[in-house]
Structure formats: C-alpha cells, structure tokens
$ cat model29.tsv   # TSV, C-alpha atoms
chain	number	residue	atom	x	y	z
W	79	MET	CA	0.00	0.00	0.00
W	80	ARG	CA	2.78	2.44	1.03
W	81	THR	CA	4.75	1.56	-2.09
W	82	THR	CA	1.72	2.32	-4.25
W	83	VAL	CA	1.26	5.71	-2.56
W	84	ARG	CA	4.94	6.56	-3.03
W	85	LEU	CA	4.72	5.67	-6.71
W	86	MET	CA	1.63	7.85	-7.09
W	87	VAL	CA	3.40	10.81	-5.42
W	88	VAL	CA	6.45	10.39	-7.67
W	89	ALA	CA	4.19	10.24	-10.73
W	90	ILE	CA	2.42	13.42	-9.68
W	91	LEU	CA	5.74	15.22	-9.10
W	92	LEU	CA	7.10	14.13	-12.47
W	93	THR	CA	3.91	15.26	-14.18
W	94	GLY	CA	4.16	18.65	-12.47
W	95	MET	CA	7.80	19.03	-13.46
W	96	ALA	CA	6.99	18.16	-17.07
W	97	SER	CA	4.16	20.69	-17.08
W	98	LEU	CA	6.48	23.34	-15.62
W	99	ALA	CA	9.10	22.60	-18.25
W	100	GLN	CA	6.51	23.10	-20.98
W	101	THR	CA	5.60	26.55	-19.62
W	102	GLN	CA	9.15	27.81	-19.16
W	103	ILE	CA	10.17	30.91	-21.14
W	104	PRO	CA	12.00	29.82	-24.29
W	105	ALA	CA	15.74	30.41	-24.45
W	106	VAL	CA	16.93	33.71	-25.91
W	107	THR	CA	18.15	33.45	-29.49
W	108	HIS	CA	21.15	35.76	-29.72
W	109	ASN	CA	22.24	37.96	-32.62
W	110	THR	CA	18.76	37.98	-34.16
W	111	TRP	CA	16.16	40.52	-35.28
W	112	THR	CA	12.41	40.51	-34.71
W	113	SER	CA	9.61	42.96	-35.53
W	114	GLY	CA	7.23	44.95	-33.39
W	115	ALA	CA	3.81	46.35	-34.27
W	116	ALA	CA	3.99	49.00	-36.99
W	117	MET	CA	4.00	52.64	-35.93
W	118	PRO	CA	0.72	54.55	-36.36
W	119	THR	CA	2.66	57.30	-38.17
W	120	ALA	CA	5.82	56.58	-40.17
W	121	VAL	CA	8.72	58.86	-39.19
W	122	PHE	CA	12.45	59.39	-39.37
W	123	GLU	CA	14.62	61.44	-36.98
W	124	PRO	CA	12.20	61.35	-34.01
W	125	ALA	CA	13.21	62.03	-30.41
W	126	VAL	CA	12.99	58.82	-28.36
W	127	ALA	CA	13.13	58.01	-24.65
W	128	VAL	CA	12.27	55.09	-22.37
W	129	ILE	CA	10.22	55.69	-19.23
W	130	LYS	CA	9.45	52.56	-17.20
W	131	ASN	CA	7.73	50.13	-19.58
W	132	GLN	CA	6.92	52.64	-22.30
W	133	ILE	CA	8.98	53.98	-25.21
W	134	TYR	CA	8.08	57.51	-26.29
W	135	VAL	CA	8.63	58.41	-29.95
W	136	VAL	CA	8.13	62.15	-30.35
W	137	GLY	CA	8.07	64.30	-33.46
W	138	GLY	CA	10.25	63.38	-36.41
W	139	GLU	CA	9.54	63.90	-40.07
W	140	GLY	CA	6.79	61.99	-41.80
W	141	GLY	CA	7.67	62.77	-45.39
W	142	GLY	CA	5.69	65.99	-45.58
W	143	GLY	CA	7.72	67.90	-42.99
W	144	PRO	CA	8.21	67.77	-39.22
W	145	ILE	CA	5.35	66.54	-37.04
W	146	SER	CA	4.45	66.94	-33.36
W	147	ASP	CA	2.98	63.49	-32.65
W	148	THR	CA	3.72	61.66	-29.41
W	149	GLN	CA	3.59	57.96	-30.21
W	150	ILE	CA	3.91	55.62	-27.24
W	151	TYR	CA	5.00	52.01	-27.66
W	152	ASN	CA	4.47	49.28	-25.06
W	153	PRO	CA	7.15	46.62	-25.70
W	154	VAL	CA	5.44	44.08	-23.43
W	155	ALA	CA	2.00	44.31	-25.03
W	156	ASN	CA	3.44	45.23	-28.47
W	157	THR	CA	0.85	47.99	-28.82
W	158	TRP	CA	0.78	51.70	-29.61
W	159	THR	CA	-1.10	54.57	-27.97
W	160	SER	CA	-0.86	58.33	-28.41
W	161	GLY	CA	-0.05	61.10	-25.98
W	162	PRO	CA	-0.35	64.89	-26.03
W	163	ALA	CA	1.43	66.40	-29.02
W	164	LEU	CA	4.69	68.29	-28.61
W	165	PRO	CA	4.00	72.06	-28.55
W	166	THR	CA	5.64	72.41	-31.98
W	167	ASN	CA	6.39	70.34	-35.06
W	168	LEU	CA	9.94	69.05	-34.76
W	169	ASN	CA	12.44	66.74	-36.41
W	170	GLY	CA	16.02	65.95	-35.47
W	171	GLY	CA	15.33	66.64	-31.78
W	172	MET	CA	17.18	64.74	-29.07
W	173	GLY	CA	15.24	62.69	-26.50
W	174	ALA	CA	16.28	61.55	-23.02
W	175	ALA	CA	14.62	60.56	-19.76
W	176	VAL	CA	15.63	61.57	-16.22
W	177	LYS	CA	13.58	60.52	-13.20
W	178	SER	CA	10.58	59.53	-15.33
W	179	ILE	CA	10.47	62.84	-17.20
W	180	MET	CA	11.14	62.93	-20.95
W	181	TYR	CA	13.21	65.80	-22.29
W	182	VAL	CA	13.11	66.78	-25.96
W	183	ILE	CA	16.01	69.08	-26.75
W	184	GLY	CA	16.77	71.09	-29.88
W	185	GLY	CA	15.85	69.99	-33.38
W	186	SER	CA	14.38	71.84	-36.34
W	187	THR	CA	10.85	73.04	-36.91
W	188	ASN	CA	11.26	73.29	-40.68
W	189	GLY	CA	13.39	70.27	-41.64
W	190	SER	CA	16.94	71.61	-41.58
W	191	GLN	CA	16.89	75.31	-42.51
W	192	THR	CA	16.85	76.64	-38.96
W	193	GLN	CA	17.56	75.00	-35.62
W	194	THR	CA	16.03	75.56	-32.20
W	195	ASN	CA	17.55	75.59	-28.73
W	196	ALA	CA	14.23	74.93	-27.02
W	197	VAL	CA	13.88	72.31	-24.28
W	198	TRP	CA	10.55	70.63	-23.58
W	199	ALA	CA	9.78	68.31	-20.67
W	200	TYR	CA	6.96	65.75	-20.68
W	201	ASN	CA	5.45	64.36	-17.50
W	202	PRO	CA	3.60	61.07	-18.17
W	203	LYS	CA	1.66	61.38	-14.89
W	204	THR	CA	0.14	64.76	-15.68
W	205	LYS	CA	0.35	64.24	-19.46
W	206	THR	CA	1.63	67.77	-19.92
W	207	TRP	CA	4.54	69.46	-21.72
W	208	THR	CA	6.46	72.33	-20.09
W	209	THR	CA	9.25	74.58	-21.36
W	210	GLU	CA	12.62	74.44	-19.59
W	211	ALA	CA	15.82	76.52	-19.79
W	212	ALA	CA	16.96	76.85	-23.39
W	213	MET	CA	20.10	75.08	-24.58
W	214	PRO	CA	22.93	77.61	-25.21
W	215	THR	CA	23.58	76.28	-28.74
W	216	ALA	CA	20.68	75.67	-31.09
W	217	ARG	CA	21.15	72.43	-33.07
W	218	GLN	CA	19.65	69.25	-34.42
W	219	ASP	CA	20.86	65.69	-35.00
W	220	ALA	CA	23.20	65.70	-32.01
W	221	ALA	CA	24.03	62.75	-29.78
W	222	ILE	CA	22.43	62.67	-26.35
W	223	ALA	CA	23.33	60.67	-23.24
W	224	VAL	CA	22.47	60.60	-19.53
W	225	VAL	CA	25.12	60.03	-16.85
W	226	LYS	CA	24.14	60.36	-13.18
W	227	ASN	CA	20.99	62.30	-14.07
W	228	ILE	CA	22.92	64.84	-16.15
W	229	ILE	CA	22.01	65.11	-19.85
W	230	TYR	CA	24.87	65.57	-22.32
W	231	VAL	CA	24.18	66.97	-25.80
W	232	ILE	CA	27.06	66.29	-28.18
W	233	GLY	CA	27.87	67.74	-31.61
W	234	GLY	CA	25.04	68.18	-34.09
W	235	TYR	CA	24.21	70.63	-36.85
W	236	ASN	CA	23.49	74.37	-36.89
W	237	ALA	CA	23.05	76.03	-40.28
W	238	SER	CA	23.79	79.53	-38.98
W	239	GLU	CA	26.96	78.55	-37.10
W	240	GLY	CA	28.94	77.01	-39.92
W	241	GLY	CA	27.29	73.61	-40.07
W	242	TYR	CA	28.51	70.67	-38.02
W	243	LEU	CA	29.60	71.25	-34.43
W	244	THR	CA	32.11	70.06	-31.85
W	245	THR	CA	30.03	71.72	-29.13
W	246	VAL	CA	29.18	69.70	-26.00
W	247	GLU	CA	26.82	71.04	-23.36
W	248	SER	CA	25.33	69.38	-20.28
W	249	TYR	CA	21.94	69.99	-18.69
W	250	ASN	CA	21.03	69.44	-15.05
W	251	PRO	CA	17.25	68.98	-14.77
W	252	ALA	CA	17.40	69.39	-10.98
W	253	THR	CA	18.68	72.96	-11.28
W	254	ASN	CA	17.41	73.67	-14.81
W	255	THR	CA	20.87	74.90	-15.84
W	256	TRP	CA	23.33	74.33	-18.69
W	257	THR	CA	27.13	73.95	-18.61
W	258	GLU	CA	29.63	74.02	-21.48
W	259	GLU	CA	31.88	70.93	-21.62
W	260	ALA	CA	35.03	69.94	-23.54
W	261	PRO	CA	34.34	69.81	-27.30
W	262	LEU	CA	34.40	66.78	-29.58
W	263	LEU	CA	37.69	66.11	-31.36
W	264	VAL	CA	35.86	65.97	-34.72
W	265	ALA	CA	32.91	68.20	-35.63
W	266	LYS	CA	30.01	65.94	-36.66
W	267	GLY	CA	26.28	65.42	-36.51
W	268	GLU	CA	23.63	62.78	-37.18
W	269	ILE	CA	25.13	60.75	-34.36
W	270	VAL	CA	24.12	58.57	-31.41
W	271	ALA	CA	25.79	57.79	-28.10
W	272	GLY	CA	26.13	54.97	-25.59
W	273	VAL	CA	26.89	55.19	-21.87
W	274	PHE	CA	29.51	52.99	-20.22
W	275	GLY	CA	29.75	53.90	-16.56
W	276	SER	CA	31.10	57.46	-16.43
W	277	LYS	CA	32.07	57.43	-20.13
W	278	ILE	CA	30.09	58.20	-23.29
W	279	VAL	CA	31.01	56.61	-26.63
W	280	VAL	CA	30.02	58.43	-29.83
W	281	PRO	CA	30.68	56.55	-33.11
W	282	ASP	CA	30.18	57.53	-36.75
W	283	GLY	CA	28.47	60.67	-38.09
W	284	TYR	CA	28.67	63.24	-40.87
W	285	THR	CA	31.24	66.05	-40.88
W	286	GLY	CA	29.75	68.09	-43.69
W	287	THR	CA	32.27	66.74	-46.18
W	288	GLU	CA	32.40	63.03	-45.39
W	289	PHE	CA	30.63	60.15	-43.70
W	290	THR	CA	33.01	59.27	-40.92
W	291	GLY	CA	33.69	56.22	-38.82
W	292	ASP	CA	35.24	58.48	-36.19
W	293	THR	CA	34.70	56.97	-32.73
W	294	GLU	CA	35.31	59.04	-29.62
W	295	SER	CA	34.96	58.45	-25.89
W	296	TYR	CA	34.12	61.18	-23.40
W	297	ASN	CA	35.06	60.90	-19.74
W	298	THR	CA	32.46	62.83	-17.75
W	299	VAL	CA	34.71	62.85	-14.66
W	300	THR	CA	37.82	64.34	-16.30
W	301	ASN	CA	35.89	66.27	-18.99
W	302	ALA	CA	38.18	64.92	-21.72
W	303	TRP	CA	37.77	63.17	-25.08
W	304	THR	CA	39.78	60.21	-26.43
W	305	SER	CA	39.93	58.92	-29.99
W	306	LEU	CA	39.16	55.20	-30.44
W	307	ASN	CA	39.31	52.79	-33.38
W	308	PRO	CA	37.03	54.02	-36.17
W	309	ASP	CA	34.02	52.08	-37.39
W	310	PRO	CA	35.07	50.00	-40.44
W	311	THR	CA	31.78	51.07	-42.03
W	312	ALA	CA	31.93	54.87	-42.07
W	313	ARG	CA	28.32	56.16	-41.87
W	314	ASN	CA	25.87	58.48	-40.19
W	315	SER	CA	22.31	58.31	-38.83
W	316	VAL	CA	22.59	54.85	-37.29
W	317	CYS	CA	20.28	53.16	-34.81
W	318	GLY	CA	22.55	52.72	-31.81
W	319	GLY	CA	22.91	52.25	-28.09
W	320	ALA	CA	24.89	50.59	-25.31
W	321	ILE	CA	24.00	47.09	-24.11
W	322	SER	CA	26.05	44.95	-21.69
W	323	GLY	CA	29.37	46.68	-22.29
W	324	LEU	CA	29.07	46.97	-26.08
W	325	MET	CA	28.05	49.83	-28.36
W	326	TYR	CA	25.74	48.79	-31.19
W	327	ALA	CA	25.37	50.62	-34.51
W	328	ALA	CA	22.82	49.39	-37.06
W	329	GLY	CA	21.84	50.80	-40.43
W	330	GLY	CA	22.75	54.35	-41.42
W	331	LEU	CA	23.99	55.91	-44.63
W	332	ALA	CA	27.42	55.80	-46.30
W	333	SER	CA	26.66	57.81	-49.46
W	334	LEU	CA	23.95	60.21	-50.59
W	335	GLN	CA	23.80	58.31	-53.89
W	336	GLN	CA	23.27	54.91	-52.25
W	337	PRO	CA	20.34	53.40	-50.32
W	338	ALA	CA	20.38	52.99	-46.56
W	339	LEU	CA	22.62	50.35	-45.03
W	340	SER	CA	21.55	47.16	-43.26
W	341	VAL	CA	24.99	46.57	-41.71
W	342	ASN	CA	24.98	45.97	-37.95
W	343	GLU	CA	28.13	46.15	-35.83
W	344	SER	CA	29.15	46.24	-32.20
W	345	PHE	CA	32.06	48.08	-30.62
W	346	SER	CA	33.83	47.06	-27.42
W	347	PRO	CA	35.24	50.16	-25.69
W	348	SER	CA	37.31	47.98	-23.35
W	349	LYS	CA	38.94	46.06	-26.23
W	350	ASN	CA	38.71	48.86	-28.81
W	351	ILE	CA	37.40	46.35	-31.38
W	352	TRP	CA	34.54	46.40	-33.92
W	353	THR	CA	32.60	43.22	-34.77
W	354	THR	CA	30.13	42.54	-37.62
W	355	LEU	CA	26.77	41.09	-36.58
W	356	ALA	CA	23.47	39.99	-38.17
W	357	PRO	CA	22.22	42.73	-40.54
W	358	MET	CA	18.96	44.63	-40.13
W	359	PRO	CA	16.04	42.95	-41.96
W	360	THR	CA	15.11	46.32	-43.50
W	361	ALA	CA	17.90	48.78	-44.26
W	362	ALA	CA	17.21	52.12	-42.55
W	363	LEU	CA	18.83	55.47	-41.90
W	364	ALA	CA	17.80	57.93	-39.20
W	365	PRO	CA	15.48	55.59	-37.26
W	366	GLY	CA	14.66	56.48	-33.68
W	367	PRO	CA	16.83	54.32	-31.35
W	368	ALA	CA	16.03	53.02	-27.88
W	369	VAL	CA	17.45	50.39	-25.54
W	370	TYR	CA	14.94	48.46	-23.44
W	371	LYS	CA	15.70	45.39	-21.31
W	372	GLY	CA	18.82	44.43	-23.21
W	373	GLN	CA	17.41	44.89	-26.70
W	374	LEU	CA	17.95	47.59	-29.32
W	375	TYR	CA	14.76	49.09	-30.81
W	376	CYS	CA	14.85	50.93	-34.14
W	377	PHE	CA	11.72	52.97	-34.92
W	378	GLY	CA	11.00	53.89	-38.52
W	379	GLY	CA	13.66	55.64	-40.59
W	380	TRP	CA	14.34	56.29	-44.27
W	381	THR	CA	15.03	53.69	-46.95
W	382	ALA	CA	17.45	56.13	-48.61
W	383	TYR	CA	18.27	59.82	-48.49
W	384	GLN	CA	14.96	61.46	-49.43
W	385	GLY	CA	13.53	57.95	-49.88
W	386	SER	CA	10.44	56.27	-48.43
W	387	VAL	CA	9.63	56.77	-44.75
W	388	LEU	CA	9.31	53.56	-42.72
W	389	ASP	CA	6.72	52.70	-40.07
W	390	ASN	CA	8.33	49.46	-38.92
W	391	VAL	CA	9.84	48.56	-35.55
W	392	GLN	CA	13.00	46.47	-35.78
W	393	ILE	CA	14.23	44.85	-32.57
W	394	TYR	CA	17.74	43.44	-32.14
W	395	GLN	CA	18.60	40.81	-29.52
W	396	PRO	CA	22.40	40.80	-28.93

$ encode --input "model29.tsv" --output "structure tokens"
Amino acid sequence: MRTTVRLMVVAILLTGMASLAQTQIPAVTHNTWTSGAAMPTAVFEPAVAVIKNQIYVVGGEGGGGPISDTQIYNPVANTWTSGPALPTNLNGGMGAAVKSIMYVIGGSTNGSQTQTNAVWAYNPKTKTWTTEAAMPTARQDAAIAVVKNIIYVIGGYNASEGGYLTTVESYNPATNTWTEEAPLLVAKGEIVAGVFGSKIVVPDGYTGTEFTGDTESYNTVTNAWTSLNPDPTARNSVCGGAISGLMYAAGGLASLQQPALSVNESFSPSKNIWTTLAPMPTAALAPGPAVYKGQLYCFGGWTAYQGSVLDNVQIYQP
C-alpha cells in the first residue's frame, strides 16, 4: 500500500515538473532581429526616450515635414497609444529621460533650414509638456546621453553657425541649468551615443564633407575626449545604443547616392574592437533608437536619403 502511494506521489511530481518545463520561457536566441507592431505614423529622426515600460517616440519627419505626434509604444503588449502632441512640429530633436520625465532638446521646426535651442519636458503622470531653460547652442541631430541624471548633448548641426559642431553642453534637470563641456575632437552630426559607466562613446556621423567612422569616448569625470578605433563602415544616422558593455550601430547611410545600409556592428570600448553582426532585416537610416531590457529598438527611418519613410519597428537581440 505504502509503495503504491509513493509511486503515485512520484508520478504526480514528475507530471508537475513536465508541465512546468513546458511553460518555461523559451531560451533567448542571440544575434537575431524581430519585428514589433507598426507605428501609427511613419517617421524618421524622431526624439525617443524610455520611461518605465513605455517607449516615447516624439516628433520626427513623416515625409511631408516635421510633425508633433507623441507615439507611445508598449514593448510588453506590443501595442501603440498616443499622448499629447509636442508644442511644436519638430524633427532631429534629441530625447532623453531623467527621473521619469522625458526631455526633448533642440531639433528643427522646418526640416533643416533653422535649428532651435528649445527644451521641452513631458510628465507622463500629468500628461503635460512644459518649457525648460533653453540650450545655449541651437542644433539638431546631435548625440544625447544621460550620466548620473545629467544630460549631455554632443555635436550636431546648426546652419547659422557654420554647419557641423564640436560643441558639447550638459543639462542638469534638478537645477534647470546648462554647462559648457570639452568639445568633440571631430565636428560631426547625425550621431548617437552609448553610456559605459562614467564614459560616453560616440561613433560615426557626418562632418559636412564626409561620412566618418570616427569613434570618440568622453570621460564625464575628467571632462576629456579620447579617440578610439574608427568604425570600419563609415556612416551616419545609425540606430545605436549601449547594451552589456558593447556599443551597437545598425543601419545608417554611407553615401547620398546609395540606399540605406543594413549593416549591424558592435564596438567594445574595453577592447577597442569592432565586430560585424546579423544585418537589419530592412535597411534604414535615421530611425529612432532606444534600448529596453537588453534589446535595441529601431523605430521607422528612411530607406534612402529622401527615400520612403518607414513605419516598422525592428528589434535586435544581442
């Protein structure tokens, strides 16, 4: 009798373990791309920021000029909602989040003719936009990064100040003040950045005369820049970000006469080495980049310079 009971208990346990095994989350497939739900409005050059479990895609250009839409993506539910529009149409603005507030900095209200130094802050709780202290240097298509709740705006383009910039300025949301920092070694725009502890890595970009693979590292403690190994694929307007000690750069443009690139590479700041990875399913330049839970999200973009505007969401799992 006791033996029969023991056998029944073992059978129940084994059945439970088998059932548990069937419900386990499948293993992550590395170096692969997947797709998210299409954007309600196709855009390139939007400002993007992650707040909790939402990714905010603000403004950008939809093919007919800059727009003011606030498109909100839920990566868990793979759904889109809309929020209050930015107070102005804007493309090429820089987006960042500090303490659950999204900041949209700079950009252009008319494509690329004139640049703004305006700073807008969005509070998801109150669903309102407010105006903050203006950035000293008006610009668009700069790199943006957050280190210890300080926002760094790096390089970019200003038509009235000679084109592409080396200018670096930091913004402290707590005091609503700006500080000038050490300039880039190479003037460039249409760039992204990744944060590695107290350092910011800024690869690629456009100098006004060439698409460059220039890769630089900024030490926020010493306020100094260092030149690193250049990207083997010189380009601008990539989808990029830092994940687990590596800087990722996907897509972009290497020539005005050629379509967008699908090339995807990673850069190790510690080893100073570039590595080629699985290419983007759809080549894109100037998509809106975001990093969420160890994955790189690329929102929209262009198929070529002055080409078709994309509404897709491409997600890279390192």

$ closest_atom_pairs --input "model29.tsv" --of "segment 132-228 of chain W" --to "segment 361-369 of chain W" --cutoff "10 Å" --atoms "all atoms listed in the file" --output "Markdown table"
| residue | atom | partner | partner_atom | distance |
| --- | --- | --- | --- | --- |
| W:Ile133 | CA | W:Ala368 | CA | 7.6 |
| W:Tyr134 | CA | W:Ala368 | CA | 9.3 |
| W:Val135 | CA | W:Gly366 | CA | 7.3 |
| W:Val136 | CA | W:Gly366 | CA | 9.3 |
| W:Gly138 | CA | W:Gly366 | CA | 8.6 |
| W:Gly170 | CA | W:Ala364 | CA | 9.0 |
| W:Met172 | CA | W:Gly366 | CA | 9.8 |
| W:Gly173 | CA | W:Gly366 | CA | 9.5 |
| W:Ala174 | CA | W:Ala368 | CA | 9.8 |
| W:Asp219 | CA | W:Ala364 | CA | 9.3 |

$ residues_near_point --input "model29.tsv" --point "(12.9, 68.6, -20.5)" --cutoff "8 Å" --atoms "all atoms listed in the file" --output "ChimeraX atom specification"
/W:179-183,197-200,208-210,251

$ closest_residue --input "model29.tsv" --among "W:Ser146, W:Asn156, W:Gln193, W:Thr110" --to "Leu168 of chain W" --atoms "all atoms listed in the file"
W:Ser146

$ closest_residue --input "model29.tsv" --among "W:Leu263, W:Ala196, W:Ile150, W:Val225" --to "Gly275 of chain W" --atoms "all atoms listed in the file"
W:Val225

$ closest_residue --input "model29.tsv" --among "W:Lys177, W:Gly142, W:Asn195, W:Gly283" --to "Asn250 of chain W" --atoms "all atoms listed in the file"
W:Lys177

$ closest_atom_pairs --input "model29.tsv" --of "segment 217-282 of chain W" --to "segment 347-353 of chain W" --cutoff "10 Å" --atoms "only C-alpha atoms" --output "JSON lines"
{"residue": "W:Phe274", "atom": "CA", "partner": "W:Pro347", "partner_atom": "CA", "distance": 8.4}
{"residue": "W:Lys277", "atom": "CA", "partner": "W:Pro347", "partner_atom": "CA", "distance": 9.7}
{"residue": "W:Ile278", "atom": "CA", "partner": "W:Pro347", "partner_atom": "CA", "distance": 9.8}
{"residue": "W:Val279", "atom": "CA", "partner": "W:Pro347", "partner_atom": "CA", "distance": 7.8}

$ closest_residue --input "model29.tsv" --among "W:Thr354, W:Tyr370, W:Asn314, W:Ser344" --to "Asn152 of chain W" --atoms "only C-alpha atoms"
W:Tyr370

$ closest_residue --input "model29.tsv" --among "W:Tyr235, W:Asn301, W:Thr194, W:Tyr284" --to "Gly330 of chain W" --atoms "only C-alpha atoms"
W:Tyr284

$ atom_distance --input "model29.tsv" --atom1 "atom CA of Asp292 of chain W" --atom2 "atom CA of Lys266 of chain W"
9.1 Å

$ closest_residue --input "model29.tsv" --among "W:Val341, W:Ile232, W:Ala332, W:Val316" --to "Trp303 of chain W" --atoms "only C-alpha atoms"
W:Ile232

$ residues_around --input "model29.tsv" --residues "Thr119 of chain W" --least-positions-apart "6" --cutoff "10 Å" --atoms "only C-alpha atoms" --output "VMD selection string"
chain W and resid 138 to 140 145 147 to 149 378 387 to 390

$ atom_distance --input "model29.tsv" --atom1 "atom CA of Asn254 of chain W" --atom2 "atom CA of Ile222 of chain W"
16.7 Å

$ atom_distance --input "model29.tsv" --atom1 "atom CA of Gln392 of chain W" --atom2 "atom CA of Thr360 of chain W"
8.0 Å

$ residues_around --input "model29.tsv" --residues "Leu262 of chain W" --least-positions-apart "4" --cutoff "12 Å" --atoms "only C-alpha atoms" --output "PyMOL selection string"
chain W and resi 220-221+231-234+242-247+258+266-267+278-281+285+292-297+301-305

$ residues_around --input "model29.tsv" --residues "Ala312 of chain W" --least-positions-apart "3" --cutoff "6 Å" --atoms "all atoms listed in the file" --output "PyMOL selection string"
chain W and resi 289-291+309

$ decode --input "model29.tsv" --residues "segment 148-213 of chain W" --atoms "C-alpha atoms" --output "mmCIF file, in the first residue's frame"
data_model
loop_
_atom_site.group_PDB
_atom_site.id
_atom_site.type_symbol
_atom_site.label_atom_id
_atom_site.label_comp_id
_atom_site.auth_asym_id
_atom_site.auth_seq_id
_atom_site.Cartn_x
_atom_site.Cartn_y
_atom_site.Cartn_z
ATOM 1 C CA THR W 148 3.724 61.665 -29.410
ATOM 2 C CA GLN W 149 3.592 57.963 -30.211
ATOM 3 C CA ILE W 150 3.910 55.617 -27.243
ATOM 4 C CA TYR W 151 4.995 52.008 -27.661
ATOM 5 C CA ASN W 152 4.466 49.282 -25.064
ATOM 6 C CA PRO W 153 7.147 46.617 -25.702
ATOM 7 C CA VAL W 154 5.443 44.081 -23.428
ATOM 8 C CA ALA W 155 1.997 44.306 -25.034
ATOM 9 C CA ASN W 156 3.436 45.232 -28.468
ATOM 10 C CA THR W 157 0.850 47.990 -28.816
ATOM 11 C CA TRP W 158 0.775 51.701 -29.605
ATOM 12 C CA THR W 159 -1.095 54.575 -27.967
ATOM 13 C CA SER W 160 -0.864 58.330 -28.414
ATOM 14 C CA GLY W 161 -0.046 61.101 -25.982
ATOM 15 C CA PRO W 162 -0.352 64.895 -26.029
ATOM 16 C CA ALA W 163 1.435 66.401 -29.018
ATOM 17 C CA LEU W 164 4.687 68.291 -28.612
ATOM 18 C CA PRO W 165 4.000 72.061 -28.546
ATOM 19 C CA THR W 166 5.644 72.409 -31.977
ATOM 20 C CA ASN W 167 6.385 70.335 -35.059
ATOM 21 C CA LEU W 168 9.943 69.049 -34.765
ATOM 22 C CA ASN W 169 12.444 66.736 -36.412
ATOM 23 C CA GLY W 170 16.022 65.954 -35.466
ATOM 24 C CA GLY W 171 15.332 66.640 -31.783
ATOM 25 C CA MET W 172 17.181 64.740 -29.069
ATOM 26 C CA GLY W 173 15.244 62.694 -26.499
ATOM 27 C CA ALA W 174 16.283 61.545 -23.020
ATOM 28 C CA ALA W 175 14.624 60.565 -19.760
ATOM 29 C CA VAL W 176 15.632 61.567 -16.220
ATOM 30 C CA LYS W 177 13.581 60.520 -13.197
ATOM 31 C CA SER W 178 10.577 59.532 -15.335
ATOM 32 C CA ILE W 179 10.468 62.840 -17.199
ATOM 33 C CA MET W 180 11.137 62.929 -20.948
ATOM 34 C CA TYR W 181 13.214 65.804 -22.289
ATOM 35 C CA VAL W 182 13.107 66.781 -25.965
ATOM 36 C CA ILE W 183 16.009 69.076 -26.752
ATOM 37 C CA GLY W 184 16.767 71.093 -29.877
ATOM 38 C CA GLY W 185 15.848 69.986 -33.380
ATOM 39 C CA SER W 186 14.381 71.845 -36.341
ATOM 40 C CA THR W 187 10.848 73.041 -36.909
ATOM 41 C CA ASN W 188 11.263 73.286 -40.682
ATOM 42 C CA GLY W 189 13.387 70.270 -41.637
ATOM 43 C CA SER W 190 16.944 71.614 -41.580
ATOM 44 C CA GLN W 191 16.886 75.308 -42.510
ATOM 45 C CA THR W 192 16.846 76.636 -38.956
ATOM 46 C CA GLN W 193 17.559 74.999 -35.616
ATOM 47 C CA THR W 194 16.031 75.558 -32.196
ATOM 48 C CA ASN W 195 17.551 75.594 -28.726
ATOM 49 C CA ALA W 196 14.232 74.935 -27.020
ATOM 50 C CA VAL W 197 13.883 72.311 -24.278
ATOM 51 C CA TRP W 198 10.554 70.629 -23.577
ATOM 52 C CA ALA W 199 9.779 68.311 -20.666
ATOM 53 C CA TYR W 200 6.963 65.753 -20.680
ATOM 54 C CA ASN W 201 5.448 64.356 -17.495
ATOM 55 C CA PRO W 202 3.604 61.067 -18.172
ATOM 56 C CA LYS W 203 1.661 61.384 -14.886
ATOM 57 C CA THR W 204 0.136 64.759 -15.679
ATOM 58 C CA LYS W 205 0.348 64.242 -19.459
ATOM 59 C CA THR W 206 1.630 67.767 -19.924
ATOM 60 C CA TRP W 207 4.541 69.460 -21.724
ATOM 61 C CA THR W 208 6.459 72.325 -20.088
ATOM 62 C CA THR W 209 9.252 74.578 -21.362
ATOM 63 C CA GLU W 210 12.620 74.445 -19.595
ATOM 64 C CA ALA W 211 15.818 76.522 -19.788
ATOM 65 C CA ALA W 212 16.958 76.854 -23.391
ATOM 66 C CA MET W 213 20.095 75.079 -24.577
#
